[in-house]
Amino acid sequence: MLSLPAWKCPEWTFNASLVNTSSPEFTEEWQKRIRELQGAVMVASCVQMLVGFSGLIGFLMRFIGPLTIAPTISLVALPLFDSAGNDAGTHWGIAAMTIFLIVLFSQYLRTVAVPVPAYGREQKCRTFKFHLFQVFPVLLALCISWFTCFALTVTDVLPSTPTAYGHGARTDTKGDVLSQAPWFRVPYPGQWGLPTISLAGVFGIIAGVISSMVESVGDYYACARLVGAPAPPKHAINRGIGIEGLGCLLAGAWGTGNGTTSYSENVGALGITRVGSRMVIVAAGCVLLLMGVFGKIGAAFATIPTPVIGGMFLVMFGVISAVGISNLQYVDMNSSRNLFVFGFSIYCGLAIPNWVNKNPERLHTGILQLDQVIQVLLTTGMFVGGFLGFLLDNTIPGSQEERGLVAWNQIREESEETGRASAIYGLPCGLGTRFCASSCAQRLPFWPRFEGDKKSEVAVSQLTLCPPDFSEDPPRDDPESRM
């Protein structure tokens, strides 16, 4: 949206050394852009909430099979190889160390239990075995690499010249961010002024919302596969898309400058850590709230060196790509039809966005709003690949078994009916079981449906950690393997 001629930055802002960032003129230049983004995001979020809470996205799921989900999930990560490689390339030594530590902790040491001291009422002081490397591989690797970069920065082993190779690994490259951040600040709605709305901005963000919903559906299935959970039922998908729209509405009101959606990097982190507890996400949300209020804490995380981030991305994006391809296990890959649908979808999902990014001037229809919608959609690889997979899979003749829909639909039916799925995808605090359990509420497209004695199982608010393939890990019933 900000690439439109009306929002091009004025020439006097190009030279950062000559700009007074505290001047009223400069402040107004960036705040009016934020206000335009706020209005567009808030209007587009209403469309997303309508699609989710009305059940439209769940209705479309009957036409979506493995040949649509596989390219969509894979193209979440594959187009980001350039970004991950550039970040890691700022210092390949630090990036390689980060990768080595993540692989060491998550793959080789995952079954090693570390004695941890504990205190209880009955046994007082005692120790218990905790799979530290399995639960915190990314965090441990991040901290070790971060501290290493800090030590190399303090001793001036890393070059201090900004143009020298390896300068990006220093922890003081963003030192001004930490010094300028306030200690305490409470954000509030409308802090940049009254949001503005334009037709071009709204249509551009709606195009992004469509792509975001496609990505989110793929992320939901990827999360379920990574933690060994049943496939998400329709009501969970409807609720997820609707809540993401609500998050976008709040983000627009607070003026964050972006929407809220499922984050593919977190899906990769979930695959590495194998922690599927919802309470972990709740705790992480509380930490983010504190970081937003206490500016120094959030600014401290901005000092994480770029190659450390690049090393983590290389591991996580690889996991996401593999998860997408793993959905093809339900499909007959000896069929030339399926090979064509998947291969063509993946390749176009990489080639078309690459061409559009290099030749944006070729997509001029004369209608500014239409140009922006087309450009946003065609530069989103997951949308291009997912749409082509959806179109070809539903139009090219093929049997249900050949397309993988027999096994796929069976999994969906089980996810709608089993008590374990009800426990995982049910609402917290007894909603739908002890409270708001009327038949009228259960007719809502986003409300969980339970039958008979399965209602009693819904109060579970955590997901047992049982990844699909860990032959050497502790058994499922071992209390040490539960989160």
# chains A, B, ... in the order shown; residues from 1 in each chain; ligands from 1

call {"tool": "residues_around", "arguments": {"residues": "stretch 101-116 of chain A", "least_positions_apart": "4", "cutoff": "7 Å", "atoms": "only C-alpha atoms", "output": "NGL selection string"}}
result
:A and (97 or 127-134 or 137-138 or 141 or 272-273 or 473)

call {"tool": "residues_around", "arguments": {"residues": "stretch 72-80 of chain A", "least_positions_apart": "6", "cutoff": "8 Å", "atoms": "only C-alpha atoms", "output": "PyMOL selection string"}}
result
chain A and resi 214-215+218-219+222+264+317-318+320-325+346+349-350+381-383+385-386

call {"tool": "atom_distance", "arguments": {"atom1": "atom CA of A:Gly389", "atom2": "atom CA of A:Phe63"}}
result
10.9 Å

call {"tool": "select_by_dssp", "arguments": {"residues": "stretch 49-132 of chain A", "states": "alpha helix (DSSP H)", "output": "ChimeraX atom specification"}}
result
/A:49-53,56-60,66-77,81-89,92-103,132

call {"tool": "closest_residue", "arguments": {"among": "A:Arg403, A:Arg443, A:Lys296, A:Lys32", "to": "A:Val177", "atoms": "only C-alpha atoms"}}
result
A:Lys296

call {"tool": "residues_around", "arguments": {"residues": "A:Leu158", "least_positions_apart": "5", "cutoff": "10 Å", "atoms": "only C-alpha atoms", "output": "list in words"}}
result
His91, Cys149, Phe150, Ala151, Leu152, Thr153, Ala164, Tyr165, Gly166, His167, Gly168, Ala169, Arg170 and Thr171 of chain A

call {"tool": "write_last_selection", "arguments": {"atoms": "N, CA, C and O atoms", "output": "mmCIF file, in the first residue's frame"}}
result
data_model
loop_
_atom_site.group_PDB
_atom_site.id
_atom_site.type_symbol
_atom_site.label_atom_id
_atom_site.label_comp_id
_atom_site.auth_asym_id
_atom_site.auth_seq_id
_atom_site.Cartn_x
_atom_site.Cartn_y
_atom_site.Cartn_z
ATOM 1 N N HIS A 91 27.465 -13.245 8.891
ATOM 2 C CA HIS A 91 28.597 -13.914 9.544
ATOM 3 C C HIS A 91 28.282 -15.401 9.599
ATOM 4 O O HIS A 91 27.586 -15.872 10.505
ATOM 5 N N CYS A 149 28.425 -13.634 20.797
ATOM 6 C CA CYS A 149 28.555 -12.396 20.037
ATOM 7 C C CYS A 149 28.851 -11.210 20.950
ATOM 8 O O CYS A 149 29.632 -10.319 20.596
ATOM 9 N N PHE A 150 28.249 -11.202 22.136
ATOM 10 C CA PHE A 150 28.510 -10.122 23.090
ATOM 11 C C PHE A 150 29.972 -10.137 23.537
ATOM 12 O O PHE A 150 30.630 -9.083 23.613
ATOM 13 N N ALA A 151 30.487 -11.346 23.823
ATOM 14 C CA ALA A 151 31.894 -11.442 24.240
ATOM 15 C C ALA A 151 32.825 -11.011 23.110
ATOM 16 O O ALA A 151 33.830 -10.309 23.347
ATOM 17 N N LEU A 152 32.528 -11.402 21.888
ATOM 18 C CA LEU A 152 33.360 -11.009 20.751
ATOM 19 C C LEU A 152 33.245 -9.519 20.461
ATOM 20 O O LEU A 152 34.181 -8.910 19.932
ATOM 21 N N THR A 153 32.107 -8.923 20.813
ATOM 22 C CA THR A 153 31.947 -7.478 20.625
ATOM 23 C C THR A 153 32.744 -6.705 21.657
ATOM 24 O O THR A 153 33.429 -5.720 21.331
ATOM 25 N N ALA A 164 32.640 -3.661 6.950
ATOM 26 C CA ALA A 164 33.447 -4.875 7.037
ATOM 27 C C ALA A 164 32.564 -6.096 7.231
ATOM 28 O O ALA A 164 31.502 -6.030 7.862
ATOM 29 N N TYR A 165 33.054 -7.228 6.680
ATOM 30 C CA TYR A 165 32.293 -8.469 6.825
ATOM 31 C C TYR A 165 32.329 -8.933 8.280
ATOM 32 O O TYR A 165 33.386 -8.964 8.918
ATOM 33 N N GLY A 166 31.168 -9.278 8.813
ATOM 34 C CA GLY A 166 31.059 -9.726 10.193
ATOM 35 C C GLY A 166 30.612 -8.651 11.153
ATOM 36 O O GLY A 166 30.368 -8.944 12.335
ATOM 37 N N HIS A 167 30.477 -7.403 10.664
ATOM 38 C CA HIS A 167 30.036 -6.335 11.553
ATOM 39 C C HIS A 167 28.610 -6.588 12.059
ATOM 40 O O HIS A 167 28.265 -6.199 13.179
ATOM 41 N N GLY A 168 27.788 -7.253 11.245
ATOM 42 C CA GLY A 168 26.405 -7.514 11.638
ATOM 43 C C GLY A 168 26.273 -8.454 12.820
ATOM 44 O O GLY A 168 25.201 -8.565 13.413
ATOM 45 N N ALA A 169 27.358 -9.146 13.186
ATOM 46 C CA ALA A 169 27.313 -10.055 14.336
ATOM 47 C C ALA A 169 27.547 -9.330 15.652
ATOM 48 O O ALA A 169 27.420 -9.952 16.724
ATOM 49 N N ARG A 170 27.893 -8.058 15.611
ATOM 50 C CA ARG A 170 28.114 -7.301 16.847
ATOM 51 C C ARG A 170 26.778 -7.015 17.532
ATOM 52 O O ARG A 170 25.742 -6.853 16.879
ATOM 53 N N THR A 171 26.805 -6.952 18.845
ATOM 54 C CA THR A 171 25.576 -6.694 19.605
ATOM 55 C C THR A 171 25.331 -5.210 19.837
ATOM 56 O O THR A 171 24.301 -4.846 20.408
#

call {"tool": "closest_residue", "arguments": {"among": "A:Gly65, A:Pro189, A:Pro10, A:Gly257", "to": "A:Gln31", "atoms": "only C-alpha atoms"}}
result
A:Gly257

call {"tool": "atom_distance", "arguments": {"atom1": "atom CA of A:Asn86", "atom2": "atom CA of A:Thr161"}}
result
18.8 Å
